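Q: Have a look at the structure that comes next, please.
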Amino acid sequence: MFRIGHGYDVHKLVEGRRLILGGVDIPHTVGLLGHSDADVLVHAIMDSMLGALALGDIGKHFPDTDEKYKGADSMKLLERVTEICMENGYVIGNIDATVIAQAPKLVPHIESMRKNIADVCGCDVSQVSIKATTEEKLGFTGEKLGISAHSVCIMKKI
C-alpha cells in the first residue's frame with residue numbers, strides 16, 4: 001500500500017541568521033528566520049511525510065510555543081518524523097522537493113542535501129529528488145524577502 005503527501009513551508013530572510021537548507025549550511029549574506037533553524041526544505045519534507053499518513057504537521061509534533069524546539073536542528077526533527085512514520089508501518093518510497101529562492105544559487109549544494117536527507121530517512125539517495133528554482137524576481141521569493149519549499153512524498157507500507 002502507498003500513501004502520498006504534500007508539504008509546503010516558507011520563512012523570511014533576515015540578517016544575523018544562518019541559511020540552512022537540507023541540513024547544509026549555505027554561505028549567504030542572510031538566513032532564514034524561525035523558531036528552529038528554519039530549514040524550509042526539511043520542514044516541507046516532514047509535512048509531506050506526516051501528511052501522507054494523516055498524522056498532522058510539524059506544528060502539531062514540534063510546536064513553536066515549546067521552548068525545547070527553539071533553535072532545533074531540523075535534521076533531528078526529520079529523524080523523529082521518520083521514526084513516527086516507521087512506528088505507523090511506513091517508510092519512504094520517494095521524495096520530490098523544490099526550493100524556491102532567487103538567491104543564492106543552490107545547485108552546488110543539492111547533492112549534499114539529497115545525501116543528508118536520505119541518510120536521516122534511511123533510504124537510498126536515488127529516492128530523494130531536490131530541485132531549485134527562482135520566481136524570475138516575482139513575489140516575495142523573487143524579491144529576496146524569503147525562501148519557500150514544496151515537497152511531495154510517497155510512503156510505502158513496510
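A note on labels: chains of the C-alpha cells are A, B, ... as shown, every chain counts residues from 1, and ligands are counted from 1 in their shown order.
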Give me the residues of stretch 36-66 of chain A that have any atom at most 9 Å from an atom of stretch 17-28 of chain A; for each, the nearest atom pair and the distance in Å, rounded to one decimal. Use only C-alpha atoms, sort by chain and number, and format it as CSV.
A:
residue,atom,partner,partner_atom,distance
A:Asp37,CA,A:Ile20,CA,7.0
A:Ala38,CA,A:Ile20,CA,7.3
A:Asp39,CA,A:Leu21,CA,5.1
A:Val40,CA,A:Leu21,CA,6.7
A:Leu41,CA,A:Gly22,CA,5.8
A:Val42,CA,A:Gly22,CA,5.7
Q: Put those residues in a file: all heavy atoms, as a PDB file, in the first residue's frame.
A:
ATOM      1  N   ASP A  37      15.892  26.021  13.297  1.00  0.00           N
ATOM      2  CA  ASP A  37      16.894  26.516  12.352  1.00  0.00           C
ATOM      3  C   ASP A  37      16.257  27.006  11.051  1.00  0.00           C
ATOM      4  O   ASP A  37      16.938  27.519  10.182  1.00  0.00           O
ATOM      5  CB  ASP A  37      17.966  25.464  12.086  1.00  0.00           C
ATOM      6  CG  ASP A  37      17.424  24.200  11.433  1.00  0.00           C
ATOM      7  OD1 ASP A  37      16.245  24.163  11.010  1.00  0.00           O
ATOM      8  OD2 ASP A  37      18.190  23.219  11.340  1.00  0.00           O
ATOM      9  N   ALA A  38      14.936  26.851  10.918  1.00  0.00           N
ATOM     10  CA  ALA A  38      14.143  27.386   9.799  1.00  0.00           C
ATOM     11  C   ALA A  38      14.493  26.762   8.448  1.00  0.00           C
ATOM     12  O   ALA A  38      14.385  27.398   7.411  1.00  0.00           O
ATOM     13  CB  ALA A  38      14.233  28.911   9.744  1.00  0.00           C
ATOM     14  N   ASP A  39      14.870  25.498   8.454  1.00  0.00           N
ATOM     15  CA  ASP A  39      15.203  24.781   7.221  1.00  0.00           C
ATOM     16  C   ASP A  39      13.910  24.487   6.454  1.00  0.00           C
ATOM     17  O   ASP A  39      13.259  23.470   6.663  1.00  0.00           O
ATOM     18  CB  ASP A  39      15.950  23.494   7.575  1.00  0.00           C
ATOM     19  CG  ASP A  39      16.507  22.755   6.371  1.00  0.00           C
ATOM     20  OD1 ASP A  39      15.916  22.846   5.275  1.00  0.00           O
ATOM     21  OD2 ASP A  39      17.528  22.057   6.543  1.00  0.00           O
ATOM     22  N   VAL A  40      13.533  25.396   5.557  1.00  0.00           N
ATOM     23  CA  VAL A  40      12.249  25.270   4.853  1.00  0.00           C
ATOM     24  C   VAL A  40      12.141  23.980   4.051  1.00  0.00           C
ATOM     25  O   VAL A  40      11.056  23.414   3.938  1.00  0.00           O
ATOM     26  CB  VAL A  40      11.941  26.464   3.913  1.00  0.00           C
ATOM     27  CG1 VAL A  40      11.715  27.725   4.673  1.00  0.00           C
ATOM     28  CG2 VAL A  40      12.979  26.646   2.853  1.00  0.00           C
ATOM     29  N   LEU A  41      13.236  23.534   3.497  1.00  0.00           N
ATOM     30  CA  LEU A  41      13.215  22.295   2.711  1.00  0.00           C
ATOM     31  C   LEU A  41      12.847  21.103   3.582  1.00  0.00           C
ATOM     32  O   LEU A  41      11.931  20.343   3.265  1.00  0.00           O
ATOM     33  CB  LEU A  41      14.566  22.073   2.026  1.00  0.00           C
ATOM     34  CG  LEU A  41      14.732  20.735   1.302  1.00  0.00           C
ATOM     35  CD1 LEU A  41      13.690  20.568   0.197  1.00  0.00           C
ATOM     36  CD2 LEU A  41      16.143  20.621   0.752  1.00  0.00           C
ATOM     37  N   VAL A  42      13.535  20.952   4.678  1.00  0.00           N
ATOM     38  CA  VAL A  42      13.269  19.822   5.572  1.00  0.00           C
ATOM     39  C   VAL A  42      11.878  19.946   6.187  1.00  0.00           C
ATOM     40  O   VAL A  42      11.175  18.940   6.346  1.00  0.00           O
ATOM     41  CB  VAL A  42      14.374  19.689   6.646  1.00  0.00           C
ATOM     42  CG1 VAL A  42      14.021  18.645   7.684  1.00  0.00           C
ATOM     43  CG2 VAL A  42      15.702  19.336   5.970  1.00  0.00           C
TER      44      VAL A  42
END
Q: If we count only C-alpha atoms and set the cut-off at 6 Å, which residues sit around A:Thr82, ignoring sequence neighbours fewer than 3 positions away in its own chain? Please answer as a PyMOL selection string.
A: chain A and resi 79+85+121
Q: Pick out the residues sitting within 12 Å of A:Gly93, and hand them over as a list in words; count only C-alpha atoms, and ignore anything fewer than 4 positions along from it in its own chain.
A: Met1, Phe2, Arg3, Ile4, Gly5, Met49, Ala52, Cys85, Ala118, Cys121, Gly122, Cys123, Asp124, Val125, Ser126, Gln127, Val128, Ser129, Val152, Cys153, Ile154, Met155, Lys156, Lys157 and Ile158 of chain A
Q: If you run DSSP on the backbone, which residues of chain A are strand (DSSP E), as a CSV table (one decimal) with N, CA, C and O atoms, in the first residue's frame?
A:
chain,number,residue,atom,x,y,z
A,2,PHE,N,0.5,2.2,-0.8
A,2,PHE,CA,1.2,3.5,-0.9
A,2,PHE,C,0.3,4.6,-0.4
A,2,PHE,O,-0.9,4.6,-0.6
A,3,ARG,N,0.9,5.7,0.1
A,3,ARG,CA,0.2,6.9,0.6
A,3,ARG,C,1.0,8.1,0.0
A,3,ARG,O,2.3,8.0,0.0
A,4,ILE,N,0.4,9.1,-0.4
A,4,ILE,CA,1.1,10.3,-0.9
A,4,ILE,C,0.7,11.5,0.0
A,4,ILE,O,-0.4,11.7,0.5
A,5,GLY,N,1.7,12.4,0.2
A,5,GLY,CA,1.5,13.6,1.0
A,5,GLY,C,2.2,14.8,0.3
A,5,GLY,O,3.2,14.6,-0.4
A,6,HIS,N,1.7,16.0,0.7
A,6,HIS,CA,2.3,17.2,0.2
A,6,HIS,C,2.7,18.1,1.4
A,6,HIS,O,2.0,18.1,2.4
A,7,GLY,N,3.8,18.8,1.2
A,7,GLY,CA,4.2,19.7,2.3
A,7,GLY,C,4.6,21.0,1.7
A,7,GLY,O,5.2,21.1,0.5
A,8,TYR,N,4.4,22.1,2.4
A,8,TYR,CA,4.9,23.4,2.0
A,8,TYR,C,5.4,24.2,3.2
A,8,TYR,O,4.8,24.1,4.3
A,9,ASP,N,6.4,25.0,3.0
A,9,ASP,CA,6.9,25.8,4.1
A,9,ASP,C,7.5,27.1,3.5
A,9,ASP,O,8.0,27.1,2.4
A,10,VAL,N,7.5,28.1,4.3
A,10,VAL,CA,8.1,29.4,3.9
A,10,VAL,C,8.7,30.1,5.2
A,10,VAL,O,8.1,30.0,6.2
A,11,HIS,N,9.8,30.7,5.0
A,11,HIS,CA,10.4,31.5,6.0
A,11,HIS,C,11.0,32.8,5.5
A,11,HIS,O,11.5,32.8,4.3
A,12,LYS,N,11.0,33.8,6.3
A,12,LYS,CA,11.5,35.1,5.9
A,12,LYS,C,13.0,35.1,6.0
A,12,LYS,O,13.6,34.5,6.9
A,13,LEU,N,13.7,35.9,5.1
A,13,LEU,CA,15.1,36.1,5.1
A,13,LEU,C,15.5,37.3,5.9
A,13,LEU,O,14.8,38.3,5.8
A,14,VAL,N,16.4,37.1,6.8
A,14,VAL,CA,16.9,38.2,7.7
A,14,VAL,C,18.4,38.2,7.9
A,14,VAL,O,19.0,37.2,7.7
A,19,LEU,N,21.8,30.4,6.9
A,19,LEU,CA,20.9,29.8,5.8
A,19,LEU,C,21.2,28.3,5.8
A,19,LEU,O,22.3,27.9,5.3
A,20,ILE,N,20.3,27.5,6.3
A,20,ILE,CA,20.4,26.1,6.3
A,20,ILE,C,19.3,25.5,5.5
A,20,ILE,O,18.1,25.7,5.7
A,21,LEU,N,19.6,24.7,4.5
A,21,LEU,CA,18.7,24.0,3.6
A,21,LEU,C,19.1,22.6,3.4
A,21,LEU,O,20.3,22.3,3.1
A,24,VAL,N,22.3,21.6,5.1
A,24,VAL,CA,23.5,22.1,4.6
A,24,VAL,C,23.6,23.6,5.0
A,24,VAL,O,22.6,24.4,4.7
A,25,ASP,N,24.7,24.0,5.6
A,25,ASP,CA,24.9,25.4,6.0
A,25,ASP,C,25.5,26.1,4.7
A,25,ASP,O,26.6,25.9,4.4
A,26,ILE,N,24.6,27.0,4.1
A,26,ILE,CA,25.0,27.6,2.8
A,26,ILE,C,25.5,29.0,3.1
A,26,ILE,O,24.8,29.8,3.7
A,31,GLY,N,19.9,34.8,6.4
A,31,GLY,CA,19.5,33.5,6.7
A,31,GLY,C,18.0,33.5,6.9
A,31,GLY,O,17.3,34.5,6.9
A,32,LEU,N,17.4,32.3,7.3
A,32,LEU,CA,16.0,32.2,7.5
A,32,LEU,C,15.6,32.3,8.9
A,32,LEU,O,16.2,31.8,9.8
A,90,TYR,N,5.2,2.6,8.0
A,90,TYR,CA,5.6,3.1,6.6
A,90,TYR,C,7.0,3.6,6.6
A,90,TYR,O,7.6,4.1,7.6
A,91,VAL,N,7.6,3.5,5.4
A,91,VAL,CA,8.9,4.1,5.1
A,91,VAL,C,8.8,4.9,3.8
A,91,VAL,O,7.8,4.8,3.0
A,92,ILE,N,9.8,5.6,3.5
A,92,ILE,CA,9.9,6.5,2.3
A,92,ILE,C,9.8,5.6,1.0
A,92,ILE,O,10.6,4.6,0.9
A,93,GLY,N,9.0,5.9,0.1
A,93,GLY,CA,9.0,5.4,-1.3
A,93,GLY,C,9.9,6.3,-2.1
A,93,GLY,O,10.9,5.9,-2.6
A,94,ASN,N,9.5,7.6,-2.1
A,94,ASN,CA,10.4,8.6,-2.7
A,94,ASN,C,9.9,10.0,-2.3
A,94,ASN,O,8.8,10.2,-1.8
A,95,ILE,N,10.8,10.9,-2.4
A,95,ILE,CA,10.6,12.3,-2.1
A,95,ILE,C,10.9,13.2,-3.3
A,95,ILE,O,12.0,12.9,-3.9
A,96,ASP,N,10.1,14.1,-3.6
A,96,ASP,CA,10.4,15.1,-4.7
A,96,ASP,C,10.1,16.5,-4.1
A,96,ASP,O,8.9,16.8,-3.8
A,97,ALA,N,11.1,17.3,-4.0
A,97,ALA,CA,11.0,18.6,-3.4
A,97,ALA,C,11.6,19.7,-4.2
A,97,ALA,O,12.6,19.4,-5.0
A,98,THR,N,11.0,20.9,-4.1
A,98,THR,CA,11.5,22.0,-4.8
A,98,THR,C,11.7,23.2,-3.9
A,98,THR,O,10.8,23.5,-3.1
A,99,VAL,N,12.9,23.8,-3.9
A,99,VAL,CA,13.2,25.0,-3.1
A,99,VAL,C,13.0,26.2,-4.1
A,99,VAL,O,13.5,26.2,-5.2
A,100,ILE,N,12.3,27.2,-3.6
A,100,ILE,CA,12.1,28.4,-4.4
A,100,ILE,C,12.8,29.6,-3.8
A,100,ILE,O,12.5,30.0,-2.7
A,128,VAL,N,15.4,10.4,-3.3
A,128,VAL,CA,15.3,11.8,-2.9
A,128,VAL,C,15.7,12.7,-4.0
A,128,VAL,O,16.8,12.8,-4.4
A,129,SER,N,14.7,13.4,-4.5
A,129,SER,CA,14.9,14.4,-5.6
A,129,SER,C,14.7,15.8,-5.0
A,129,SER,O,13.7,16.1,-4.3
A,130,ILE,N,15.7,16.7,-5.2
A,130,ILE,CA,15.6,18.0,-4.8
A,130,ILE,C,16.0,18.9,-6.0
A,130,ILE,O,17.0,18.7,-6.7
A,131,LYS,N,15.1,19.9,-6.2
A,131,LYS,CA,15.3,20.8,-7.3
A,131,LYS,C,15.3,22.3,-6.7
A,131,LYS,O,14.7,22.5,-5.6
A,132,ALA,N,15.8,23.2,-7.5
A,132,ALA,CA,15.8,24.6,-7.0
A,132,ALA,C,15.3,25.4,-8.2
A,132,ALA,O,15.7,25.1,-9.4
A,133,THR,N,14.6,26.5,-7.9
A,133,THR,CA,14.1,27.4,-9.0
A,133,THR,C,14.0,28.8,-8.4
A,133,THR,O,13.9,29.0,-7.2
A,146,GLY,N,12.2,36.1,1.2
A,146,GLY,CA,12.0,34.8,1.8
A,146,GLY,C,12.4,33.7,0.9
A,146,GLY,O,12.6,33.9,-0.3
A,147,ILE,N,12.3,32.5,1.4
A,147,ILE,CA,12.5,31.2,0.7
A,147,ILE,C,11.4,30.3,1.0
A,147,ILE,O,10.9,30.2,2.2
A,148,SER,N,10.9,29.6,0.0
A,148,SER,CA,9.8,28.6,0.2
A,148,SER,C,10.2,27.3,-0.3
A,148,SER,O,11.2,27.2,-1.1
A,149,ALA,N,9.5,26.2,0.0
A,149,ALA,CA,9.7,24.9,-0.5
A,149,ALA,C,8.4,24.1,-0.5
A,149,ALA,O,7.6,24.3,0.3
A,150,HIS,N,8.3,23.3,-1.5
A,150,HIS,CA,7.2,22.3,-1.7
A,150,HIS,C,7.9,20.9,-1.7
A,150,HIS,O,9.0,20.7,-2.2
A,151,SER,N,7.1,20.0,-1.2
A,151,SER,CA,7.5,18.6,-1.2
A,151,SER,C,6.3,17.6,-1.4
A,151,SER,O,5.3,17.9,-0.8
A,152,VAL,N,6.5,16.6,-2.2
A,152,VAL,CA,5.6,15.5,-2.2
A,152,VAL,C,6.4,14.2,-1.9
A,152,VAL,O,7.6,14.2,-2.2
A,153,CYS,N,5.7,13.3,-1.2
A,153,CYS,CA,6.4,12.1,-1.0
A,153,CYS,C,5.4,10.9,-1.0
A,153,CYS,O,4.2,11.1,-0.8
A,154,ILE,N,5.9,9.8,-1.4
A,154,ILE,CA,5.2,8.5,-1.4
A,154,ILE,C,5.7,7.8,-0.2
A,154,ILE,O,6.9,7.6,-0.1
A,155,MET,N,4.8,7.3,0.7
A,155,MET,CA,5.2,6.5,1.8
A,155,MET,C,4.7,5.1,1.4
A,155,MET,O,3.6,4.9,0.9
A,156,LYS,N,5.5,4.1,1.7
A,156,LYS,CA,5.1,2.7,1.4
A,156,LYS,C,5.0,1.9,2.6
A,156,LYS,O,5.8,2.1,3.6
A,157,LYS,N,4.0,1.0,2.7
A,157,LYS,CA,3.8,0.1,3.8
A,157,LYS,C,5.0,-0.8,4.0
A,157,LYS,O,5.6,-1.3,3.0
Q: Under the rule that only C-alpha atoms are counted, which of A:Leu138, A:Leu78, A:Ala72, A:Val120 is the nearest residue to A:Ser48?
A: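 Among the listed residues, A:Leu78 lies closest to A:Ser48.
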Q: So which one's closest to A:Met46, A:Glu83, A:Glu111, A:Glu136, A:Glu67? Using only C-alpha atoms, please.
A: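 Comparing A:Glu83, A:Glu111, A:Glu136, A:Glu67 against A:Met46, the winner is A:Glu83.
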